[in-house]
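Just input_20.txt here, compact mmCIF, C-alpha atoms and all ligand atoms:
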```txt
# COMPACT_ATOMS: atom_id res chain seq x y z
CA THR U 5 38.90 -41.44 -13.33
CA GLN U 6 40.35 -44.49 -11.60
CA PRO U 7 38.84 -45.69 -8.33
CA PRO U 8 40.74 -44.44 -5.29
CA LYS U 9 43.37 -46.80 -3.90
CA ASP U 10 42.42 -46.45 -0.25
CA ASP U 11 39.06 -46.76 1.46
CA SER U 12 39.33 -43.77 3.83
CA LEU U 13 36.52 -41.91 2.04
CA TYR U 14 34.34 -45.04 2.16
CA ARG U 15 34.90 -45.24 5.90
CA GLY U 16 34.41 -41.48 6.29
CA LEU U 17 30.97 -41.76 4.70
CA GLY U 18 29.97 -44.49 7.15
CA GLU U 19 30.52 -47.48 4.87
CA ARG U 20 27.59 -49.16 3.12
CA GLU U 21 25.03 -48.21 5.80
CA GLY U 22 26.10 -44.56 5.92
CA ILE U 23 26.16 -44.31 2.13
CA THR U 24 22.65 -45.78 1.95
CA ARG U 25 21.37 -43.17 4.42
CA ILE U 26 23.12 -40.37 2.49
CA VAL U 27 21.68 -41.49 -0.86
CA GLU U 28 18.18 -41.92 0.58
CA GLY U 29 18.43 -38.49 2.24
CA MET U 30 19.53 -36.92 -1.04
CA LEU U 31 16.61 -38.50 -2.92
CA LEU U 32 14.13 -37.35 -0.25
CA ASN U 33 15.56 -33.82 -0.46
CA ALA U 34 15.37 -33.92 -4.27
CA ALA U 35 11.74 -35.05 -4.12
CA ARG U 36 10.97 -31.90 -2.10
CA ASN U 37 13.19 -29.58 -4.14
CA PRO U 38 11.00 -27.53 -6.51
CA ARG U 39 13.93 -27.05 -8.90
CA ILE U 40 14.22 -30.76 -9.71
CA SER U 41 11.43 -32.74 -8.01
CA GLU U 42 9.63 -33.34 -11.34
CA ARG U 43 12.64 -35.28 -12.58
CA PHE U 44 12.09 -37.95 -9.97
CA GLN U 45 8.43 -38.64 -10.69
CA GLU U 46 7.48 -41.84 -12.45
CA ILE U 47 10.85 -43.56 -12.20
CA ASP U 48 11.92 -46.73 -10.42
CA ILE U 49 13.19 -44.96 -7.31
CA GLU U 50 14.37 -48.16 -5.61
CA ARG U 51 16.53 -49.05 -8.59
CA LEU U 52 17.93 -45.52 -8.63
CA ARG U 53 18.66 -45.72 -4.90
CA ASP U 54 20.43 -49.07 -5.28
CA LYS U 55 22.52 -47.98 -8.28
CA LEU U 56 23.49 -44.71 -6.62
CA VAL U 57 24.61 -46.54 -3.47
CA GLU U 58 26.77 -48.85 -5.59
CA GLN U 59 28.26 -45.98 -7.52
CA VAL U 60 29.03 -43.82 -4.49
CA CYS U 61 30.55 -46.87 -2.77
CA VAL U 62 32.85 -47.52 -5.75
CA GLU U 63 33.84 -43.85 -6.03
CA ALA U 64 34.63 -43.80 -2.31
CA GLY U 65 36.96 -46.79 -2.65
CA GLY U 66 34.60 -49.29 -1.04
CA PRO U 67 34.24 -53.01 -1.81
CA CYS U 68 31.37 -52.63 -4.27
CA GLU U 69 30.62 -53.09 -7.94
CA TYR U 70 28.58 -50.71 -10.06
CA THR U 71 25.99 -52.69 -12.02
CA GLY U 72 23.97 -49.82 -13.53
CA ASP U 73 23.93 -48.21 -16.94
CA SER U 74 26.48 -45.63 -18.09
CA MET U 75 25.96 -42.02 -17.04
CA GLU U 76 25.37 -40.97 -20.66
CA GLU U 77 22.78 -43.71 -21.18
CA SER U 78 20.98 -43.09 -17.87
CA HIS U 79 20.45 -39.37 -18.51
CA LYS U 80 19.79 -39.47 -22.25
CA GLY U 81 16.85 -37.33 -23.35
CA MET U 82 16.55 -35.63 -19.96
CA ASN U 83 18.22 -32.40 -21.09
CA LEU U 84 19.58 -31.76 -17.61
CA THR U 85 21.15 -28.33 -17.07
CA ARG U 86 24.01 -27.08 -14.90
CA SER U 87 21.33 -25.66 -12.63
CA ASP U 88 19.72 -29.10 -12.24
CA PHE U 89 23.13 -30.55 -11.46
CA ASN U 90 23.86 -27.88 -8.85
CA ALA U 91 20.44 -28.40 -7.26
CA LEU U 92 21.10 -32.13 -6.80
CA VAL U 93 24.58 -31.39 -5.40
CA GLU U 94 22.95 -29.11 -2.79
CA ASP U 95 20.54 -31.91 -1.88
CA LEU U 96 23.52 -34.25 -1.48
CA ILE U 97 25.39 -31.75 0.72
CA ASP U 98 22.31 -31.33 2.94
CA ALA U 99 22.04 -35.13 3.25
CA MET U 100 25.73 -35.41 4.20
CA ASP U 101 25.32 -32.60 6.76
CA SER U 102 22.40 -34.51 8.29
CA GLU U 103 24.57 -37.62 8.56
CA GLY U 104 27.36 -35.68 10.25
CA VAL U 105 29.89 -36.24 7.44
CA SER U 106 32.89 -33.94 7.89
CA VAL U 107 33.37 -31.14 5.36
CA PRO U 108 36.71 -32.53 4.09
CA MET U 109 35.01 -35.90 3.45
CA GLN U 110 32.08 -34.13 1.77
CA ASN U 111 34.51 -32.30 -0.50
CA ARG U 112 36.30 -35.50 -1.41
CA LEU U 113 33.04 -37.11 -2.58
CA LEU U 114 32.00 -33.99 -4.48
CA ALA U 115 35.39 -33.96 -6.20
CA ARG U 116 34.79 -37.53 -7.38
CA LEU U 117 31.34 -36.65 -8.76
CA ALA U 118 32.18 -33.30 -10.39
CA PRO U 119 33.95 -34.84 -13.43
CA MET U 120 30.75 -36.79 -14.23
CA ARG U 121 28.83 -33.59 -14.89
CA ALA U 122 29.74 -33.57 -18.57
CA GLN U 123 28.36 -37.10 -18.96
CA VAL U 124 25.08 -36.15 -17.32
CA ILE U 125 24.05 -32.67 -18.49
CA GLU U 126 22.74 -31.60 -21.90
CA ARG U 127 22.04 -35.18 -22.98
C1 LIG I 201 27.23 -36.68 -10.82
C2 LIG I 201 25.91 -36.59 -10.96
C3 LIG I 201 25.00 -37.77 -11.13
C4 LIG I 201 25.26 -39.09 -10.91
C5 LIG I 201 26.54 -39.75 -10.39
C6 LIG I 201 24.04 -39.82 -11.25
C7 LIG I 201 23.89 -41.19 -11.15
C8 LIG I 201 22.81 -41.89 -11.61
C9 LIG I 201 22.68 -43.33 -11.60
C10 LIG I 201 23.72 -44.31 -11.04
C11 LIG I 201 21.50 -43.64 -12.16
C12 LIG I 201 20.87 -45.04 -12.33
C13 LIG I 201 21.36 -45.75 -13.59
C14 LIG I 201 20.63 -47.05 -13.81
O1 LIG I 201 19.41 -47.13 -13.55
O2 LIG I 201 21.28 -48.02 -14.26
C15 LIG I 201 20.85 -42.38 -12.50
C16 LIG I 201 19.59 -42.25 -13.05
C17 LIG I 201 18.84 -41.09 -12.95
N1 LIG I 201 19.32 -39.84 -12.67
FE1 LIG I 201 21.22 -39.38 -12.24
N2 LIG I 201 23.10 -38.93 -11.66
C18 LIG I 201 23.63 -37.68 -11.61
C19 LIG I 201 22.98 -36.50 -11.89
C20 LIG I 201 21.63 -36.37 -12.01
C21 LIG I 201 20.88 -35.13 -11.99
C22 LIG I 201 21.51 -33.76 -11.87
C23 LIG I 201 19.56 -35.46 -12.08
C24 LIG I 201 18.34 -34.57 -12.07
C25 LIG I 201 18.28 -33.42 -11.44
C26 LIG I 201 19.48 -36.90 -12.19
C27 LIG I 201 18.32 -37.62 -12.34
C28 LIG I 201 18.26 -38.98 -12.60
C29 LIG I 201 17.04 -39.68 -12.86
C30 LIG I 201 15.63 -39.09 -12.86
C31 LIG I 201 17.39 -41.03 -13.08
C32 LIG I 201 16.45 -42.21 -13.35
C33 LIG I 201 16.23 -42.37 -14.81
C34 LIG I 201 15.26 -43.52 -15.09
O3 LIG I 201 15.24 -44.50 -14.32
O4 LIG I 201 14.53 -43.42 -16.06
N3 LIG I 201 20.74 -37.42 -12.15
N4 LIG I 201 21.67 -41.35 -12.16
```

Just dump the structure as structure tokens.
Ligand code: HEM
Amino acid sequence: TQPPKDDSLYRGLGEREGITRIVEGMLLNAARNPRISERFQEIDIERLRDKLVEQVCVEAGGPCEYTGDSMEESHKGMNLTRSDFNALVEDLIDAMDSEGVSVPMQNRLLARLAPMRAQVIER
């Protein structure tokens, strides 16, 4: 999908600072989530945080560049399932709730991420 033309979602998420808090909140939730916490052991969590912030910023129409690996490459050999995907989405929603992001803005971000599922699961 093409990046959005306007930056209203970027602003709705609280720009770079808000996105950083959302991503960090999601990763903290995931680290406590028994369905997926094992996935986040023994990885470079700071790199993951930084790349996720870039990617969410780009998807939200913000002035950022994504410098990480492709979604296929990043999740190769992990054999992620739909259930794993849904668990991380729930952790993201909880993080956005904590940041006071409106439900319409939450849904706009989720709609940008949903098409990536096929690139991430069963790899
Ligand atoms: C739309 C969904 C997802 C997006 C947009 C996404 C995005 C990313 C990004 C940007 C990276 C970093 C790439 C790099 O280092 O260059 C990454 C790595 C990673 N992702 Fe995802 N991801 C998604 C789904 C998931 C799910 C469902 C899980 C597990 C439950 C997961 C677990 C991981 C892990 C553990 C890494 C680090 C791999 C490593 O450093 O060895 N991801 N992901």

Please produce, as CSV, a per-residue contact table for chain U versus ligand LIG 201 (chain I) (criterion: any atom at most 9 Å away, all atoms listed in the file considered), showing the nearest atom pair and its distance in Å to one decimal, sorted by chain then residue number.
```
residue,atom,partner,partner_atom,distance
U:Ala34,CA,I:LIG201,C25,7.8
U:Arg39,CA,I:LIG201,C25,8.1
U:Ile40,CA,I:LIG201,C25,5.2
U:Ser41,CA,I:LIG201,C25,7.7
U:Glu42,CA,I:LIG201,C30,8.4
U:Arg43,CA,I:LIG201,C30,4.9
U:Phe44,CA,I:LIG201,C30,4.7
U:Gln45,CA,I:LIG201,C30,7.5
U:Glu46,CA,I:LIG201,O4,8.1
U:Ile47,CA,I:LIG201,O3,5.0
U:Asp48,CA,I:LIG201,O3,5.6
U:Ile49,CA,I:LIG201,O3,7.3
U:Arg51,CA,I:LIG201,O1,6.0
U:Leu52,CA,I:LIG201,C12,4.8
U:Arg53,CA,I:LIG201,C12,7.8
U:Asp54,CA,I:LIG201,C12,8.1
U:Lys55,CA,I:LIG201,C10,4.7
U:Leu56,CA,I:LIG201,C10,4.4
U:Val57,CA,I:LIG201,C10,7.9
U:Glu58,CA,I:LIG201,C10,7.7
U:Gln59,CA,I:LIG201,C10,6.0
U:Val60,CA,I:LIG201,C5,7.6
U:Tyr70,CA,I:LIG201,C10,8.1
U:Thr71,CA,I:LIG201,O2,7.0
U:Gly72,CA,I:LIG201,O2,3.3
U:Asp73,CA,I:LIG201,O2,3.8
U:Ser74,CA,I:LIG201,C13,6.8
U:Met75,CA,I:LIG201,C8,6.3
U:Glu77,CA,I:LIG201,C13,8.0
U:Ser78,CA,I:LIG201,C13,5.1
U:His79,CA,I:LIG201,N1,6.0
U:Lys80,CA,I:LIG201,C33,8.7
U:Met82,CA,I:LIG201,C30,8.0
U:Leu84,CA,I:LIG201,C24,6.3
U:Thr85,CA,I:LIG201,C22,7.5
U:Arg86,CA,I:LIG201,C22,7.7
U:Ser87,CA,I:LIG201,C22,8.1
U:Asp88,CA,I:LIG201,C25,4.6
U:Phe89,CA,I:LIG201,C22,3.6
U:Asn90,CA,I:LIG201,C22,7.0
U:Ala91,CA,I:LIG201,C25,6.9
U:Leu92,CA,I:LIG201,C22,5.3
U:Val93,CA,I:LIG201,C22,7.5
U:Leu114,CA,I:LIG201,C1,8.4
U:Arg116,CA,I:LIG201,C1,8.3
U:Leu117,CA,I:LIG201,C1,4.6
U:Ala118,CA,I:LIG201,C1,6.0
U:Pro119,CA,I:LIG201,C1,7.4
U:Met120,CA,I:LIG201,C1,4.9
U:Arg121,CA,I:LIG201,C1,5.4
U:Ala122,CA,I:LIG201,C1,8.7
U:Gln123,CA,I:LIG201,C1,8.2
U:Val124,CA,I:LIG201,C19,5.8
U:Ile125,CA,I:LIG201,C22,7.2
```

*From U:Gly29, U:Gly65, U:Gly81, U:Pro38, residue lying nearest Asp101 in chain U [all atoms listed in the file]*: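 Ranked by minimum distance to Asp101 in chain U, first place goes to U:Gly29.
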
*Within 8 Å of range 18-23 of chain U, counting all atoms listed in the file, which residues show up once you throw out same-chain ones fewer than 2 positions away? Write them as a ChimeraX atom specification, please.*
/U:14-16,25-27,57,60-61,66,103

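The two atoms in question, CA of Leu113 in chain U and CA of Cys68 in chain U, are spaced 15.7 Å apart.
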
_Atomic separation - CA of Glu50 in chain U relative to CA of Asp10 in chain U, Å_ =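 CA of Glu50 in chain U lies 28.6 Å from CA of Asp10 in chain U.
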
*Quick one: of U:Thr24, U:Ile97, U:Gln6, U:Asn33, who's nearest to Met109 in chain U, counting all atoms listed in the file?*
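Closest candidate: U:Ile97.
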
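The smallest atom-to-atom distance between Asn37 in chain U and any of U:Asp95, U:Glu69, U:Asp11, U:Glu126, using all atoms listed in the file, is found for U:Asp95.
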
*Quick one: pull the distance between CA of Leu96 in chain U and CA of Met30 in chain U, Å, one decimal.*
4.8 Å

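For the set U:Ala35, U:Ala64, U:Glu76, U:Glu28, the residue with the smallest atom-to-atom gap to Arg127 in chain U is U:Glu76, counting all atoms listed in the file.
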